[in-house]
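Novice: Have a peek at structure.cif (mmCIF, C-alpha atoms).
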```cif
data_my_file
loop_
_atom_site.group_PDB
_atom_site.id
_atom_site.type_symbol
_atom_site.label_atom_id
_atom_site.label_comp_id
_atom_site.auth_asym_id
_atom_site.auth_seq_id
_atom_site.Cartn_x
_atom_site.Cartn_y
_atom_site.Cartn_z
ATOM 1 C CA ASP G 9 133.995 179.162 8.148
ATOM 2 C CA LYS G 10 133.700 182.953 8.319
ATOM 3 C CA ARG G 11 133.735 184.957 11.488
ATOM 4 C CA ILE G 12 131.477 187.966 11.191
ATOM 5 C CA GLY G 13 132.336 191.205 12.919
ATOM 6 C CA ILE G 14 130.236 194.331 12.678
ATOM 7 C CA ILE G 15 131.593 197.762 13.520
ATOM 8 C CA ASN G 16 128.727 200.209 13.549
ATOM 9 C CA VAL G 17 128.963 203.973 13.634
ATOM 10 C CA GLY G 18 125.376 205.130 13.902
ATOM 11 C CA LEU G 19 124.959 208.809 14.546
ATOM 12 C CA GLY G 20 121.845 210.264 12.968
ATOM 13 C CA GLY G 21 121.346 213.697 11.504
ATOM 14 C CA ASN G 22 124.802 214.115 10.006
ATOM 15 C CA SER G 23 126.029 215.119 6.590
ATOM 16 C CA ILE G 24 128.391 212.974 4.550
ATOM 17 C CA SER G 25 130.838 215.837 5.062
ATOM 18 C CA ARG G 26 131.618 214.394 8.501
ATOM 19 C CA TRP G 27 133.101 211.366 6.724
ATOM 20 C CA THR G 28 134.710 213.236 3.830
ATOM 21 C CA LYS G 29 138.226 214.630 3.780
ATOM 22 C CA PHE G 30 138.669 216.863 0.758
ATOM 23 C CA ASP G 31 142.006 218.542 0.102
ATOM 24 C CA ASP G 32 141.766 222.273 0.763
ATOM 25 C CA ASN G 33 142.091 222.957 -2.971
ATOM 26 C CA HIS G 34 139.125 220.706 -3.861
ATOM 27 C CA PRO G 35 136.067 222.581 -5.236
ATOM 28 C CA HIS G 36 133.866 221.136 -2.458
ATOM 29 C CA TYR G 37 136.245 221.787 0.431
ATOM 30 C CA LYS G 38 134.379 224.902 1.621
ATOM 31 C CA ASN G 39 130.961 223.249 1.268
ATOM 32 C CA SER G 40 132.241 220.338 3.340
ATOM 33 C CA GLN G 41 133.298 222.755 6.085
ATOM 34 C CA ILE G 42 129.863 224.415 6.085
ATOM 35 C CA LEU G 43 127.864 221.174 6.104
ATOM 36 C CA ALA G 44 129.996 219.506 8.775
ATOM 37 C CA ASN G 45 129.638 222.521 11.063
ATOM 38 C CA GLU G 46 125.871 222.496 10.561
ATOM 39 C CA SER G 47 125.830 218.793 11.526
ATOM 40 C CA TRP G 48 126.146 219.019 15.301
ATOM 41 C CA ASN G 49 129.158 221.369 15.056
ATOM 42 C CA GLY G 50 131.232 218.640 13.461
ATOM 43 C CA THR G 51 134.310 218.978 11.312
ATOM 44 C CA PRO G 52 134.990 217.380 7.922
ATOM 45 C CA GLY G 53 136.096 213.803 8.378
ATOM 46 C CA ASP G 54 135.719 213.650 12.161
ATOM 47 C CA LEU G 55 133.299 210.697 12.098
ATOM 48 C CA TYR G 56 135.467 208.993 9.483
ATOM 49 C CA ASP G 57 138.439 209.264 11.852
ATOM 50 C CA ILE G 58 136.401 207.736 14.690
ATOM 51 C CA HIS G 59 135.195 204.918 12.449
ATOM 52 C CA THR G 60 138.613 204.041 11.045
ATOM 53 C CA SER G 61 140.068 204.108 14.553
ATOM 54 C CA ASP G 62 137.345 201.681 15.697
ATOM 55 C CA ILE G 63 138.007 199.423 12.700
ATOM 56 C CA ASN G 64 141.744 199.360 13.350
ATOM 57 C CA MET G 65 141.199 198.659 17.044
ATOM 58 C CA ALA G 66 138.810 195.792 16.284
ATOM 59 C CA LEU G 67 141.153 194.282 13.707
ATOM 60 C CA SER G 68 144.053 194.488 16.161
ATOM 61 C CA LEU G 69 142.158 192.001 18.337
ATOM 62 C CA THR G 70 142.054 189.433 15.524
ATOM 63 C CA THR G 71 144.417 187.904 13.011
ATOM 64 C CA LYS G 72 142.435 189.543 10.222
ATOM 65 C CA LYS G 73 144.049 192.587 8.643
ATOM 66 C CA TYR G 74 141.447 193.732 6.132
ATOM 67 C CA LEU G 75 137.691 194.210 5.700
ATOM 68 C CA ASP G 76 135.650 191.958 3.443
ATOM 69 C CA VAL G 77 132.990 194.598 2.783
ATOM 70 C CA LEU G 78 131.946 198.062 3.922
ATOM 71 C CA LEU G 79 128.228 198.857 4.121
ATOM 72 C CA TRP G 80 127.161 202.489 3.871
ATOM 73 C CA HIS G 81 123.718 203.635 4.945
ATOM 74 C CA GLN G 82 123.632 207.419 5.032
ATOM 75 C CA GLY G 83 122.169 210.329 3.117
ATOM 76 C CA GLU G 84 118.973 211.634 4.710
ATOM 77 C CA ASN G 85 120.619 214.731 6.121
ATOM 78 C CA ASP G 86 122.007 215.613 2.673
ATOM 79 C CA GLY G 87 118.590 215.470 1.044
ATOM 80 C CA TRP G 88 117.506 219.038 1.628
ATOM 81 C CA SER G 89 117.718 221.673 -1.078
ATOM 82 C CA ARG G 90 119.854 224.750 -0.532
ATOM 83 C CA ASN G 91 120.288 228.025 -2.341
ATOM 84 C CA ASP G 92 124.005 228.317 -1.553
ATOM 85 C CA MET G 93 125.236 224.976 -2.993
ATOM 86 C CA ASP G 94 124.369 222.102 -5.306
ATOM 87 C CA LEU G 95 123.922 219.251 -2.841
ATOM 88 C CA GLN G 96 123.516 216.672 -5.602
ATOM 89 C CA ASP G 97 126.948 217.515 -7.028
ATOM 90 C CA PHE G 98 128.462 217.764 -3.548
ATOM 91 C CA TYR G 99 127.085 214.392 -2.465
ATOM 92 C CA ARG G 100 128.251 212.665 -5.653
ATOM 93 C CA HIS G 101 131.823 213.909 -5.137
ATOM 94 C CA ALA G 102 131.731 213.249 -1.390
ATOM 95 C CA LEU G 103 130.525 209.671 -1.859
ATOM 96 C CA ILE G 104 133.321 208.936 -4.333
ATOM 97 C CA GLN G 105 135.817 210.487 -1.917
ATOM 98 C CA VAL G 106 134.558 208.420 1.018
ATOM 99 C CA ILE G 107 134.907 205.216 -1.008
ATOM 100 C CA LYS G 108 138.476 206.165 -1.984
ATOM 101 C CA GLN G 109 139.340 206.979 1.636
ATOM 102 C CA TYR G 110 138.164 203.654 3.030
ATOM 103 C CA ARG G 111 139.835 201.693 0.260
ATOM 104 C CA SER G 112 143.137 203.496 0.819
ATOM 105 C CA GLU G 113 143.279 202.472 4.486
ATOM 106 C CA SER G 114 145.495 199.546 5.536
ATOM 107 C CA PHE G 115 142.347 197.427 6.064
ATOM 108 C CA GLY G 116 141.042 198.193 2.567
ATOM 109 C CA ASN G 117 142.031 197.760 -1.035
ATOM 110 C CA ILE G 118 140.858 198.867 -4.470
ATOM 111 C CA GLN G 119 138.555 195.831 -4.698
ATOM 112 C CA MET G 120 137.000 196.116 -1.249
ATOM 113 C CA PRO G 121 133.244 195.993 -1.842
ATOM 114 C CA PHE G 122 131.485 199.200 -0.865
ATOM 115 C CA ILE G 123 127.752 198.556 -0.727
ATOM 116 C CA VAL G 124 125.209 201.274 -0.016
ATOM 117 C CA GLY G 125 121.486 201.194 0.639
ATOM 118 C CA ASP G 126 119.096 203.694 -0.823
ATOM 119 C CA ARG G 127 117.039 205.874 1.452
ATOM 120 C CA SER G 128 113.517 205.389 2.756
ATOM 121 C CA GLY G 129 110.520 207.424 1.755
ATOM 122 C CA GLY G 130 109.071 205.472 -1.136
ATOM 123 C CA TYR G 131 107.048 203.105 1.049
ATOM 124 C CA ALA G 132 105.017 205.868 2.618
ATOM 125 C CA GLY G 133 104.472 207.533 -0.753
ATOM 126 C CA TYR G 134 105.785 210.865 0.468
ATOM 127 C CA ASN G 135 108.651 212.942 -0.820
ATOM 128 C CA LEU G 136 110.079 214.258 2.416
ATOM 129 C CA GLY G 137 113.602 214.845 1.149
ATOM 130 C CA TRP G 138 115.004 211.775 2.874
ATOM 131 C CA GLU G 139 115.291 209.926 -0.409
ATOM 132 C CA ALA G 140 116.746 212.784 -2.497
ATOM 133 C CA ARG G 141 120.257 211.254 -2.578
ATOM 134 C CA ASN G 142 119.017 207.927 -3.957
ATOM 135 C CA SER G 143 119.999 208.900 -7.503
ATOM 136 C CA GLU G 144 123.661 209.311 -6.500
ATOM 137 C CA LEU G 145 123.577 206.114 -4.446
ATOM 138 C CA ASN G 146 121.935 204.112 -7.246
ATOM 139 C CA ASP G 147 124.523 205.393 -9.736
ATOM 140 C CA LEU G 148 126.956 203.006 -8.037
ATOM 141 C CA ASN G 149 125.097 200.173 -9.805
ATOM 142 C CA ILE G 150 125.992 201.548 -13.226
ATOM 143 C CA ASP G 151 129.425 203.059 -12.679
ATOM 144 C CA ALA G 152 132.604 201.433 -13.965
ATOM 145 C CA ASP G 153 133.558 200.069 -10.542
ATOM 146 C CA PRO G 154 132.360 196.450 -10.161
ATOM 147 C CA TYR G 155 132.928 196.651 -6.392
ATOM 148 C CA THR G 156 130.423 199.419 -5.655
ATOM 149 C CA LYS G 157 126.734 198.593 -5.495
ATOM 150 C CA CYS G 158 123.478 200.010 -4.192
ATOM 151 C CA VAL G 159 120.760 197.889 -2.594
ATOM 152 C CA TYR G 160 117.129 198.804 -3.260
ATOM 153 C CA LEU G 161 115.478 199.505 0.104
ATOM 154 C CA SER G 162 113.000 202.323 -0.484
ATOM 155 C CA ASP G 163 110.108 199.842 -0.754
ATOM 156 C CA LEU G 164 110.554 198.750 2.849
ATOM 157 C CA GLU G 165 108.256 199.826 5.633
ATOM 158 C CA CYS G 166 109.336 202.719 7.834
ATOM 159 C CA ASN G 167 108.455 203.662 11.368
ATOM 160 C CA THR G 168 106.021 206.507 11.892
ATOM 161 C CA ASP G 169 108.813 209.050 11.301
ATOM 162 C CA ASN G 170 108.978 207.934 7.616
ATOM 163 C CA VAL G 171 112.786 207.754 7.711
ATOM 164 C CA HIS G 172 113.865 204.919 10.026
ATOM 165 C CA PHE G 173 113.091 201.371 9.010
ATOM 166 C CA THR G 174 111.006 198.982 11.134
ATOM 167 C CA SER G 175 112.673 195.985 12.789
ATOM 168 C CA GLU G 176 111.249 193.645 10.146
ATOM 169 C CA SER G 177 112.535 195.935 7.402
ATOM 170 C CA GLN G 178 115.986 195.920 8.967
ATOM 171 C CA ARG G 179 116.052 192.124 8.821
ATOM 172 C CA ILE G 180 115.113 192.271 5.130
ATOM 173 C CA MET G 181 117.833 194.892 4.617
ATOM 174 C CA GLY G 182 120.423 192.503 6.050
ATOM 175 C CA VAL G 183 119.390 189.781 3.622
ATOM 176 C CA ARG G 184 119.472 192.191 0.675
ATOM 177 C CA TYR G 185 122.905 193.513 1.631
ATOM 178 C CA PHE G 186 124.227 189.952 1.834
ATOM 179 C CA GLN G 187 122.661 189.007 -1.505
ATOM 180 C CA LYS G 188 124.279 192.035 -3.168
ATOM 181 C CA PHE G 189 127.635 191.160 -1.627
ATOM 182 C CA ARG G 190 127.352 187.558 -2.798
ATOM 183 C CA SER G 191 126.309 188.629 -6.313
ATOM 184 C CA MET G 192 129.619 190.474 -6.721
ATOM 185 C CA TYR G 193 131.410 187.135 -6.620
ATOM 186 C CA SER G 194 129.027 184.887 -8.534
ATOM 187 C CA LYS G 195 130.173 184.020 -12.025
ATOM 188 C CA SER G 196 127.952 183.681 -15.054
ATOM 189 C CA TYR G 197 128.975 181.127 -17.660
#
```
Represent the structure contained in this file as structure tokens.
Specialist:
Amino acid sequence: DKRIGIINVGLGGNSISRWTKFDDNHPHYKNSQILANESWNGTPGDLYDIHTSDINMALSLTTKKYLDVLLWHQGENDGWSRNDMDLQDFYRHALIQVIKQYRSESFGNIQMPFIVGDRSGGYAGYNLGWEARNSELNDLNIDADPYTKCVYLSDLECNTDNVHFTSESQRIMGVRYFQKFRSMYSKSY
């Protein structure tokens, strides 16, 4: 009895900074400016603004006023090492900020599930940097928030570029995302 709607914002090669809106007094504000500019001359939060606008527009066409779950699949572009900033610390703070932003929107709430998928790279046996943010993503499985989770995906087969998943892998991803979502609501007695 559920009607499924998917609103996809897929724009490769971008830093999480394009979804993050730090206050100008936040310690990572300047890093966010730098990384967003390096990602196709973007600005901090510009892709977030596009996505939330799309969500609000889609919801305006229905009687539904909130999202049941938000899936996040991003991080390859933030996997590179840099001498001028600690990307691991930046990504951790940015991910937490992004979750807070979505949950504070009119379509969200503090218990809106935010489910991420870890990055590819493990299947091919190479460390290409794509999977460097997996530690921050997987930390969502052990944090105090029962409505954030990470789905294990790095065992799935990639295309020849070793970053994008094959069609079969994407179908498996969908099943795993759904299973993680369902597990948030199953009760153990």
Novice: Report, in Å to a single decimal, how far apart atom CA of G:Ile63 and atom CA of G:Gln119 are.
Specialist: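 We find that atom CA of G:Gln119 and atom CA of G:Ile63 lie 17.8 Å from each other.
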Novice: Suppose you want the space between atom CA of G:Asp57 and atom CA of G:Arg26; what is it in Å?
Specialist: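 About the pair atom CA of G:Asp57 and atom CA of G:Arg26: they are 9.2 Å apart.
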Novice: So which one's closest to G:Tyr56, G:Tyr37, G:Tyr110, G:Trp88, G:Tyr99? Using all atoms listed in the file, please.
Specialist: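 For G:Tyr56, the nearest of the candidates is G:Tyr110.
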Novice: Around the point (118.6, 218.0, 5.0) in the file's coordinates, collect all residues with an atom within 9 Å, using all atoms listed in the file, and return them as a list in words.
Specialist: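 The requested residues, written out, are Gly21, Asn22, Ser23, Gly83, Glu84, Asn85, Asp86, Gly87, Trp88, Ser89, Arg90, Gly137 and Trp138 of chain G.
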Novice: Kindly give the distance, in Å, that separates atom CA of G:Leu75 and atom CA of G:Val106, rounded to a single decimal.
Specialist: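 Atom-to-atom, atom CA of G:Leu75 to atom CA of G:Val106, that is 15.3 Å.
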